[in-house]
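What follows is a set of notes on a single structure, which appears directly below.
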Amino acid sequence: MKLVKFGGSSLASGETFQKVKDIVTSDPSRKIVVVSAPGKRFSTDNKVTDLLYICHAHIRYKVGYDDVWENIANRYREIAETCKLSIDVEEMLTSVREGMTRKSTVDDIVSRGEYMNARLMADYLGYDFVDATEWLHFNYDGTVDFKKTYEDLHSLALKHEKMVIPGFYGTLPNGQLHVFSRGGSDVTGALASAALGVECYENWTDVSGILMADPKIVDDPKPIKRITFNELRELSYMGAEVLHEETVFPVRSANIPLYIKNTNDPSATGTLIM
Ligand code: ASP
């Protein structure tokens with residue numbers, strides 16, 4: 001069993017959803033799918049998570065936010081339409097919007113990007129939607145309650161052979177939602193991988209692995225085929241942006257191989273981190 005995590009740029013539109021489905025279905029062992037919220041489709045586009053932070057600010061200052069919300073809603077409508085999904089997307093959007101009140105915390109609101117994307121992806125793949133609230137538990141200080149988290153996901157996996165899980169959030173002991181820092185879906189993927197003891201954790205993004213040089217400075221650098229977690233940590237420290245070593249420590253301690261792969265070029269080798 002493999003766990004595959006797709007970042008926001010891999011889930012930004014109906015077109016990229018189709019690429020994701022091709023990747024998942026091309027290998028029957030890809031049974032656990034972790035998703036981010038829709039990211040940018042082009043450089044001047046907005047990430048849904050950023051728009052949700054803006055909604056929260058508007059709600060807090062009692063300013064209307066219909067335009068921002070429509071922008072968000074249209075992203076999901078486009079995906080549902082392009083992929084001909086059977087899920088009632090309007091009903092989902094209405095209930096999420098109704099949940100966004102003065103009482104909602106910022107974490108409640110910004111988590112909805114991943115929540116809605118996971119609902120759509122589960123429908124598209126025909127996998128079960130398993131909410132992060134059912135298994136990803138935080139302590140009050142924001143650290144992860146590993147024992148409870150691992151046990152709960154393990155029991156869920158006995159009931160759901162194939163699942164789509166939203167990244168980025170979980171719950172505090174009182175049931176309130178809590179999010180990781182930005183980019184936290186990588187952590188969700190790593191925790192789920194470690195909990196289930198998967199064969200490997202594939203982290204799908206928009207570059208063919210970790211590169212030998214910064215592509216903003218050097219044209220077309222080659223990807224690094226294999227790297228250790230220690231080397232990854234040094235590279236992150238020096239500014240490499242693909243993945244931070246500290247976000248994936250659960251797979252490191254469980255000794256699970258981690259691959260960085262490119263959704264737009266699935267046959268490229270990518271980078272193996274071990
Ligand atoms: N959607 C969240 C963010 O934009 C989390 C993630 O994508 O990993 O930071």
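Ordering of the structure tokens sets the chain letters (A, B, ...); residue numbers start at 1 within each chain; ligands are numbered from 1 in the order shown.
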Chain A near ligand 1 within 6 Å: what's each residue's closest atom pair and its distance in Å to one decimal, counting only C-alpha atoms and all ligand atoms, ordered by chain then ascending residue number, as a tab-separated table?
residue	atom	partner	partner_atom_place_in_ligand_line	distance
A:Gly7	CA	ligand 1	7 (O)	5.8
A:Gly8	CA	ligand 1	7 (O)	5.5
A:Ser36	CA	ligand 1	7 (O)	4.4
A:Ala37	CA	ligand 1	1 (N)	4.7
A:Thr49	CA	ligand 1	4 (O)	5.0
A:Phe168	CA	ligand 1	5 (C)	5.1
A:Arg182	CA	ligand 1	9 (O)	3.4
A:Gly183	CA	ligand 1	8 (O)	3.2
A:Gly184	CA	ligand 1	8 (O)	4.2
A:Ser185	CA	ligand 1	8 (O)	3.6
A:Asp186	CA	ligand 1	8 (O)	5.8
If you keep N, CA and C atoms, can you produce a file of those selected residues as a PDB file, in the first residue's frame?
ATOM      1  N   GLY A   7      -0.088  18.211  -3.915  1.00  0.00           N
ATOM      2  CA  GLY A   7      -0.061  19.603  -3.482  1.00  0.00           C
ATOM      3  C   GLY A   7      -1.068  20.443  -4.269  1.00  0.00           C
ATOM      4  N   GLY A   8      -1.200  21.695  -3.847  1.00  0.00           N
ATOM      5  CA  GLY A   8      -2.213  22.583  -4.404  1.00  0.00           C
ATOM      6  C   GLY A   8      -2.125  22.791  -5.912  1.00  0.00           C
ATOM      7  N   SER A  36      -4.199  18.677  -0.792  1.00  0.00           N
ATOM      8  CA  SER A  36      -4.159  20.089  -0.403  1.00  0.00           C
ATOM      9  C   SER A  36      -5.402  20.776  -0.964  1.00  0.00           C
ATOM     10  N   ALA A  37      -5.539  22.055  -0.667  1.00  0.00           N
ATOM     11  CA  ALA A  37      -6.593  22.874  -1.272  1.00  0.00           C
ATOM     12  C   ALA A  37      -6.136  23.296  -2.674  1.00  0.00           C
ATOM     13  N   THR A  49      -6.606  28.684  -0.152  1.00  0.00           N
ATOM     14  CA  THR A  49      -6.324  28.914   1.277  1.00  0.00           C
ATOM     15  C   THR A  49      -6.114  30.414   1.560  1.00  0.00           C
ATOM     16  N   PHE A 168      -3.648  19.219   6.179  1.00  0.00           N
ATOM     17  CA  PHE A 168      -3.554  20.548   6.815  1.00  0.00           C
ATOM     18  C   PHE A 168      -4.210  20.690   8.183  1.00  0.00           C
ATOM     19  N   ARG A 182       1.448  26.845   7.341  1.00  0.00           N
ATOM     20  CA  ARG A 182       1.216  26.786   5.891  1.00  0.00           C
ATOM     21  C   ARG A 182       2.043  25.664   5.269  1.00  0.00           C
ATOM     22  N   GLY A 183       1.443  25.008   4.265  1.00  0.00           N
ATOM     23  CA  GLY A 183       2.113  23.883   3.626  1.00  0.00           C
ATOM     24  C   GLY A 183       1.979  22.587   4.428  1.00  0.00           C
ATOM     25  N   GLY A 184       1.124  22.617   5.456  1.00  0.00           N
ATOM     26  CA  GLY A 184       1.057  21.496   6.402  1.00  0.00           C
ATOM     27  C   GLY A 184       0.477  20.196   5.884  1.00  0.00           C
ATOM     28  N   SER A 185      -0.051  20.175   4.682  1.00  0.00           N
ATOM     29  CA  SER A 185      -0.574  18.900   4.162  1.00  0.00           C
ATOM     30  C   SER A 185       0.546  17.866   4.007  1.00  0.00           C
ATOM     31  N   ASP A 186       1.767  18.343   3.841  1.00  0.00           N
ATOM     32  CA  ASP A 186       2.909  17.419   3.801  1.00  0.00           C
ATOM     33  C   ASP A 186       3.029  16.648   5.119  1.00  0.00           C
TER      34      ASP A 186
END
Taking a cut-off of 8 Å and counting only C-alpha atoms, can you build a table that, for each residue of stretch 114-160 of chain A near stretch 71-89 of chain A, reports the nearest atom pair and how far apart they are in Å (one decimal), sorted by chain then residue number, as a tab-separated table?
residue	atom	partner	partner_atom	distance
A:Met116	CA	A:Tyr76	CA	7.8
A:Asn117	CA	A:Tyr76	CA	7.6
A:Leu120	CA	A:Ala80	CA	7.1
A:Asp123	CA	A:Ile87	CA	6.5
A:Tyr124	CA	A:Leu85	CA	6.1
Residues of the last selection are to be written out with all heavy atoms, as a PDB file, in the first residue's frame.
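Done, and the output landed in result19.pdb:
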ATOM      1  N   MET A 116     -13.111  20.557   1.156  1.00  0.00           N
ATOM      2  CA  MET A 116     -13.919  20.472  -0.073  1.00  0.00           C
ATOM      3  C   MET A 116     -13.159  19.756  -1.194  1.00  0.00           C
ATOM      4  O   MET A 116     -13.747  18.985  -1.945  1.00  0.00           O
ATOM      5  CB  MET A 116     -14.359  21.870  -0.510  1.00  0.00           C
ATOM      6  CG  MET A 116     -15.355  22.499   0.457  1.00  0.00           C
ATOM      7  SD  MET A 116     -16.161  23.963  -0.205  1.00  0.00           S
ATOM      8  CE  MET A 116     -14.935  25.217   0.090  1.00  0.00           C
ATOM      9  N   ASN A 117     -11.864  19.980  -1.276  1.00  0.00           N
ATOM     10  CA  ASN A 117     -11.102  19.305  -2.337  1.00  0.00           C
ATOM     11  C   ASN A 117     -11.092  17.788  -2.125  1.00  0.00           C
ATOM     12  O   ASN A 117     -11.180  17.022  -3.082  1.00  0.00           O
ATOM     13  CB  ASN A 117      -9.662  19.834  -2.369  1.00  0.00           C
ATOM     14  CG  ASN A 117      -9.275  20.347  -3.733  1.00  0.00           C
ATOM     15  OD1 ASN A 117     -10.135  20.487  -4.616  1.00  0.00           O
ATOM     16  ND2 ASN A 117      -7.998  20.626  -3.930  1.00  0.00           N
ATOM     17  N   LEU A 120     -14.396  16.295  -3.248  1.00  0.00           N
ATOM     18  CA  LEU A 120     -14.473  16.180  -4.711  1.00  0.00           C
ATOM     19  C   LEU A 120     -13.587  15.041  -5.211  1.00  0.00           C
ATOM     20  O   LEU A 120     -13.989  14.242  -6.056  1.00  0.00           O
ATOM     21  CB  LEU A 120     -14.064  17.485  -5.400  1.00  0.00           C
ATOM     22  CG  LEU A 120     -14.887  18.748  -5.141  1.00  0.00           C
ATOM     23  CD1 LEU A 120     -14.552  19.825  -6.160  1.00  0.00           C
ATOM     24  CD2 LEU A 120     -16.376  18.485  -5.166  1.00  0.00           C
ATOM     25  N   ASP A 123     -15.040  11.605  -4.570  1.00  0.00           N
ATOM     26  CA  ASP A 123     -16.110  11.322  -5.518  1.00  0.00           C
ATOM     27  C   ASP A 123     -15.519  10.905  -6.879  1.00  0.00           C
ATOM     28  O   ASP A 123     -15.945   9.932  -7.492  1.00  0.00           O
ATOM     29  CB  ASP A 123     -16.957  12.587  -5.674  1.00  0.00           C
ATOM     30  CG  ASP A 123     -18.169  12.377  -6.557  1.00  0.00           C
ATOM     31  OD1 ASP A 123     -19.186  11.899  -6.027  1.00  0.00           O
ATOM     32  OD2 ASP A 123     -18.097  12.665  -7.764  1.00  0.00           O
ATOM     33  N   TYR A 124     -14.505  11.631  -7.299  1.00  0.00           N
ATOM     34  CA  TYR A 124     -13.906  11.396  -8.618  1.00  0.00           C
ATOM     35  C   TYR A 124     -13.221  10.023  -8.694  1.00  0.00           C
ATOM     36  O   TYR A 124     -13.334   9.309  -9.692  1.00  0.00           O
ATOM     37  CB  TYR A 124     -12.885  12.516  -8.868  1.00  0.00           C
ATOM     38  CG  TYR A 124     -12.378  12.636 -10.283  1.00  0.00           C
ATOM     39  CD1 TYR A 124     -13.179  12.356 -11.386  1.00  0.00           C
ATOM     40  CD2 TYR A 124     -11.074  13.095 -10.518  1.00  0.00           C
ATOM     41  CE1 TYR A 124     -12.694  12.505 -12.678  1.00  0.00           C
ATOM     42  CE2 TYR A 124     -10.585  13.259 -11.801  1.00  0.00           C
ATOM     43  CZ  TYR A 124     -11.404  12.955 -12.883  1.00  0.00           C
ATOM     44  OH  TYR A 124     -10.918  13.106 -14.149  1.00  0.00           O
TER      45      TYR A 124
END
Practice prompt. Taking the chain letters and numbering used in this document, name the residues of stretch 35-192 of chain A that DSSP puts in alpha helix (DSSP H), as a ChimeraX atom specification.
Written response: /A:48-60,66-82,89-99,106-110,112-125,146-159,185-192
**Asked** Could you write out, as a list in words, all the residues of stretch 143-201 of chain A that DSSP marks as strand (DSSP E)?
**Response**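 Checking each residue of stretch 143-201 of chain A, the strand (DSSP E) ones are Met163, Val164, Ile165, Pro166, Tyr169, Gly170, Thr171, Leu177, His178, Val179, Cys200 and Tyr201 of chain A.
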Grab the residues selected above and save them as an mmCIF file, in the first residue's frame with all heavy atoms.
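After the write, out-v8.cif holds the following:
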data_model
loop_
_atom_site.group_PDB
_atom_site.id
_atom_site.type_symbol
_atom_site.label_atom_id
_atom_site.label_comp_id
_atom_site.auth_asym_id
_atom_site.auth_seq_id
_atom_site.Cartn_x
_atom_site.Cartn_y
_atom_site.Cartn_z
ATOM 1 N N MET A 163 -8.927 5.414 0.581
ATOM 2 C CA MET A 163 -9.483 6.654 1.126
ATOM 3 C C MET A 163 -8.805 7.927 0.631
ATOM 4 O O MET A 163 -7.635 7.918 0.276
ATOM 5 C CB MET A 163 -9.506 6.627 2.652
ATOM 6 C CG MET A 163 -8.307 6.087 3.340
ATOM 7 S SD MET A 163 -8.680 5.990 5.134
ATOM 8 C CE MET A 163 -7.356 4.971 5.676
ATOM 9 N N VAL A 164 -9.596 8.987 0.639
ATOM 10 C CA VAL A 164 -9.070 10.326 0.374
ATOM 11 C C VAL A 164 -9.199 11.125 1.672
ATOM 12 O O VAL A 164 -10.265 11.155 2.297
ATOM 13 C CB VAL A 164 -9.840 11.044 -0.755
ATOM 14 C CG1 VAL A 164 -9.307 12.462 -0.939
ATOM 15 C CG2 VAL A 164 -9.727 10.267 -2.058
ATOM 16 N N ILE A 165 -8.086 11.728 2.070
ATOM 17 C CA ILE A 165 -8.022 12.438 3.346
ATOM 18 C C ILE A 165 -7.630 13.897 3.093
ATOM 19 O O ILE A 165 -6.665 14.155 2.371
ATOM 20 C CB ILE A 165 -6.916 11.803 4.231
ATOM 21 C CG1 ILE A 165 -7.210 10.333 4.499
ATOM 22 C CG2 ILE A 165 -6.734 12.582 5.514
ATOM 23 C CD1 ILE A 165 -6.050 9.615 5.204
ATOM 24 N N PRO A 166 -8.329 14.855 3.685
ATOM 25 C CA PRO A 166 -7.885 16.246 3.552
ATOM 26 C C PRO A 166 -6.643 16.507 4.399
ATOM 27 O O PRO A 166 -6.569 16.062 5.547
ATOM 28 C CB PRO A 166 -9.081 17.054 4.079
ATOM 29 C CG PRO A 166 -9.852 16.114 4.947
ATOM 30 C CD PRO A 166 -9.563 14.719 4.480
ATOM 31 N N TYR A 169 -5.265 19.902 8.504
ATOM 32 C CA TYR A 169 -5.934 20.146 9.787
ATOM 33 C C TYR A 169 -6.260 18.868 10.547
ATOM 34 O O TYR A 169 -6.193 17.770 10.003
ATOM 35 C CB TYR A 169 -7.215 20.968 9.593
ATOM 36 C CG TYR A 169 -8.327 20.253 8.825
ATOM 37 C CD1 TYR A 169 -9.339 19.549 9.485
ATOM 38 C CD2 TYR A 169 -8.353 20.283 7.437
ATOM 39 C CE1 TYR A 169 -10.358 18.907 8.771
ATOM 40 C CE2 TYR A 169 -9.363 19.639 6.722
ATOM 41 C CZ TYR A 169 -10.361 18.956 7.400
ATOM 42 O OH TYR A 169 -11.351 18.316 6.694
ATOM 43 N N GLY A 170 -6.628 19.074 11.805
ATOM 44 C CA GLY A 170 -7.084 17.996 12.677
ATOM 45 C C GLY A 170 -7.865 18.640 13.813
ATOM 46 O O GLY A 170 -8.323 19.777 13.668
ATOM 47 N N THR A 171 -8.007 17.933 14.922
ATOM 48 C CA THR A 171 -8.790 18.524 16.021
ATOM 49 C C THR A 171 -8.001 18.575 17.321
ATOM 50 O O THR A 171 -7.132 17.749 17.580
ATOM 51 C CB THR A 171 -10.071 17.704 16.322
ATOM 52 O OG1 THR A 171 -9.700 16.343 16.446
ATOM 53 C CG2 THR A 171 -11.109 17.868 15.257
ATOM 54 N N LEU A 177 -11.310 22.639 15.579
ATOM 55 C CA LEU A 177 -10.349 22.400 14.497
ATOM 56 C C LEU A 177 -9.045 23.160 14.757
ATOM 57 O O LEU A 177 -9.036 24.240 15.320
ATOM 58 C CB LEU A 177 -10.921 22.876 13.158
ATOM 59 C CG LEU A 177 -12.005 22.009 12.520
ATOM 60 C CD1 LEU A 177 -12.186 22.381 11.062
ATOM 61 C CD2 LEU A 177 -11.648 20.545 12.620
ATOM 62 N N HIS A 178 -7.967 22.549 14.293
ATOM 63 C CA HIS A 178 -6.664 23.190 14.413
ATOM 64 C C HIS A 178 -5.880 22.893 13.144
ATOM 65 O O HIS A 178 -5.936 21.771 12.642
ATOM 66 C CB HIS A 178 -5.929 22.636 15.648
ATOM 67 C CG HIS A 178 -4.609 23.285 15.890
ATOM 68 N ND1 HIS A 178 -4.488 24.605 16.285
ATOM 69 C CD2 HIS A 178 -3.347 22.809 15.753
ATOM 70 C CE1 HIS A 178 -3.202 24.906 16.394
ATOM 71 N NE2 HIS A 178 -2.487 23.839 16.063
ATOM 72 N N VAL A 179 -5.157 23.897 12.612
ATOM 73 C CA VAL A 179 -4.375 23.657 11.389
ATOM 74 C C VAL A 179 -2.879 23.686 11.696
ATOM 75 O O VAL A 179 -2.436 24.317 12.657
ATOM 76 C CB VAL A 179 -4.687 24.669 10.249
ATOM 77 C CG1 VAL A 179 -6.140 24.584 9.819
ATOM 78 C CG2 VAL A 179 -4.315 26.092 10.626
ATOM 79 N N CYS A 200 5.594 3.199 0.691
ATOM 80 C CA CYS A 200 6.292 4.463 0.448
ATOM 81 C C CYS A 200 5.313 5.624 0.485
ATOM 82 O O CYS A 200 4.103 5.435 0.358
ATOM 83 C CB CYS A 200 7.051 4.445 -0.886
ATOM 84 S SG CYS A 200 5.992 4.387 -2.321
ATOM 85 N N TYR A 201 5.880 6.801 0.673
ATOM 86 C CA TYR A 201 5.103 8.054 0.689
ATOM 87 C C TYR A 201 5.503 8.819 -0.561
ATOM 88 O O TYR A 201 6.654 9.231 -0.696
ATOM 89 C CB TYR A 201 5.456 8.822 1.967
ATOM 90 C CG TYR A 201 4.923 10.248 2.096
ATOM 91 C CD1 TYR A 201 3.806 10.691 1.383
ATOM 92 C CD2 TYR A 201 5.524 11.152 2.962
ATOM 93 C CE1 TYR A 201 3.321 11.985 1.536
ATOM 94 C CE2 TYR A 201 5.049 12.447 3.124
ATOM 95 C CZ TYR A 201 3.948 12.866 2.400
ATOM 96 O OH TYR A 201 3.486 14.148 2.553
#
Non-local contacts of A:Asp145 (10 Å; only C-alpha atoms; under 5 positions in same chain excluded) as a ChimeraX atom specification: /A:136-140,150,172-173
Residue with the minimum atom-to-atom distance to A:Thr16, picked from A:Gly99, A:His58, A:Ser236, A:Thr205 with only C-alpha atoms counted, is A:Thr205
field: Pick from A:Met212, A:Val198, A:Met121, A:Ile224 nearest to A:Ala268, counting only C-alpha atoms
entry: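 Residue with the minimum atom-to-atom distance to A:Ala268: A:Ile224.
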Between A:Ala240, A:Leu3, A:Ile273, A:Leu125, which one has atoms that come closest to A:Ala194, using only C-alpha atoms?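 Of A:Ala240, A:Leu3, A:Ile273, A:Leu125, the one nearest A:Ala194 is A:Leu3, counting only C-alpha atoms.
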Counting only C-alpha atoms, closest pick from A:Asp152, A:Glu161, A:Asp219, A:Glu15 relative to A:Leu191 is A:Asp152
Given the choices A:Thr101, A:Cys55, A:Leu156, A:Asp67, which gets closest to A:Gly113 if the distance is worked out from only C-alpha atoms?
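With only C-alpha atoms as the atom set, the closest residue is A:Cys55.
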